[in-house]
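Trainee: This is the structure I have questions about; it appears just below.
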Amino acid sequence: MLTQTTTRVLEPADLGAALAVLESAPVENAFVTARVRIAGLDPWRLGGEMWGWYTEGRLTSLCYSGANLVPICATPEAVRAFADRARRIGRRCSSIVGPAEPTAELWNLLEPSWGPARDVRAHQPLMVTEEPSATVAPDPLVRRVRKDEMDVIMPACVAMFTEEVGVSPLAGDGGLLYQARVAELVAAGRSFARIEDGRVVFKAEIGAATRQACQIQGVWVAPEHRGKGLSETGMAAVVQYALADVAPVVSLYVNDYNTPARAAYRRVGFRETGAFMSVLF
């Protein structure tokens, strides 16, 4: 029994306690919760370590350390402990992402040794909805992407990622990991698109899904079709699918400077309930 404040790498036996922390904030933790539900806490299967912060023997905060560094329900004391561990190990992640306040604290502590970042997105509104849109009719041409349409959906996914993140997902390993992730979402029935004449007009994915909440990601409209309201009708369709088949709460987060997207999501029925922050390396 741990009887003082301390941090350590969690083990498979800690799964129940870790899930209790994750599910205390089901919407903001959906991404990590989904991974842990599938892979458990074994670092090889999870794709990274889960660090735990204990107060008087009770697990109260987490930090996922893999391709991303993600503080979870992290108190200021936990953030300091996670930052100390991260500094000792050195940077292995491509981003730090999570709820805005603890992520900002974490980056403030890590920036002297890990900086500079390629980009810091300090305020990314977290938006949620629990109902299909009451004002925007779903696009009837938006549907699940089929497994035999990988060659159709991949160029749109690459274009979206490059536009959003600023680097191509094909860099490094030639896109093998990224293509595998896209294929995983297609196989799971969580990739949606409107496809006309063999080209993607609109697309989005449900990137994370738990019993309590799911998270939409990768929203993209082909440049020549922008300004026609397709992001609204397309999102209304994806929300309808998500609520019917996946989870009772649908969420997403968006860059605060992307005013048109925020307005479109509000028209579909999303409301802002918090904020994320992303630090990109």
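Ordering of the structure tokens sets the chain letters (A, B, ...); residue numbers start at 1 within each chain; ligands are numbered from 1 in the order shown.
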Which residues are close to A:Arg146, i.e. within 10 Å by only C-alpha atoms, leaving aside same-chain residues fewer than 3 positions away? Reply as a PyMOL selection string.

Mentor: chain A and resi 143+149-150+152-153+183+186-187+189+191-193

Trainee: Would you mind exporting C-alpha atoms of the selected residues as a compact mmCIF listing (two decimals), in the first residue's frame?

Mentor:
# COMPACT_ATOMS: atom_id res chain seq x y z
CA ARG A 143 -22.32 6.94 -45.30
CA GLU A 149 -12.54 2.16 -50.53
CA MET A 150 -9.22 2.66 -48.75
CA VAL A 152 -10.47 6.60 -52.11
CA ILE A 153 -10.45 7.74 -48.48
CA ALA A 183 -7.90 1.12 -41.98
CA VAL A 186 -12.85 1.90 -41.64
CA ALA A 187 -12.99 -1.73 -40.48
CA GLY A 189 -17.42 1.23 -39.23
CA SER A 191 -15.18 6.29 -40.96
CA PHE A 192 -17.83 8.33 -42.80
CA ALA A 193 -17.77 10.16 -46.12

Trainee: I'd like to know which of A:Glu49, A:Glu130, A:Glu23, A:Glu163 is closest to A:Val221, using only C-alpha atoms.

Mentor: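 Result for the nearest residue to A:Val221: A:Glu163.
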
Trainee: Give me, please, the distance in Å between atom CA of A:Val246 and atom CA of A:Thr210, quoted to one decimal.

Mentor: 7.8 Å

Trainee: Find the residue from A:Tyr253, A:Trp220, A:Tyr241, A:Tyr64 that sits nearest to A:Thr33; use only C-alpha atoms when measuring.

Mentor: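 Among the listed residues, the smallest separation from A:Thr33 belongs to A:Tyr64.
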
Trainee: So, counting only C-alpha atoms, which residue among A:Ala263, A:Val120, A:Val79, A:Leu243 is closest to A:Val165?

Mentor: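 Among the listed residues, the smallest separation from A:Val165 belongs to A:Val120.
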
Trainee: Residues within 8 Å of A:Arg87, please, as a list in words. Count only C-alpha atoms; anything in the same chain fewer than 2 positions from it doesn't count.

Mentor: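 Here the qualifying residues turn out to be Ala83, Asp84, Arg85, Ile89, Gly90, Arg91, Leu110, Ser113 and Trp114 of chain A.
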
Trainee: Can you measure atom CA of A:Thr103 to atom CA of A:Thr55 for me? One decimal in Å is fine.

Mentor: 20.2 Å
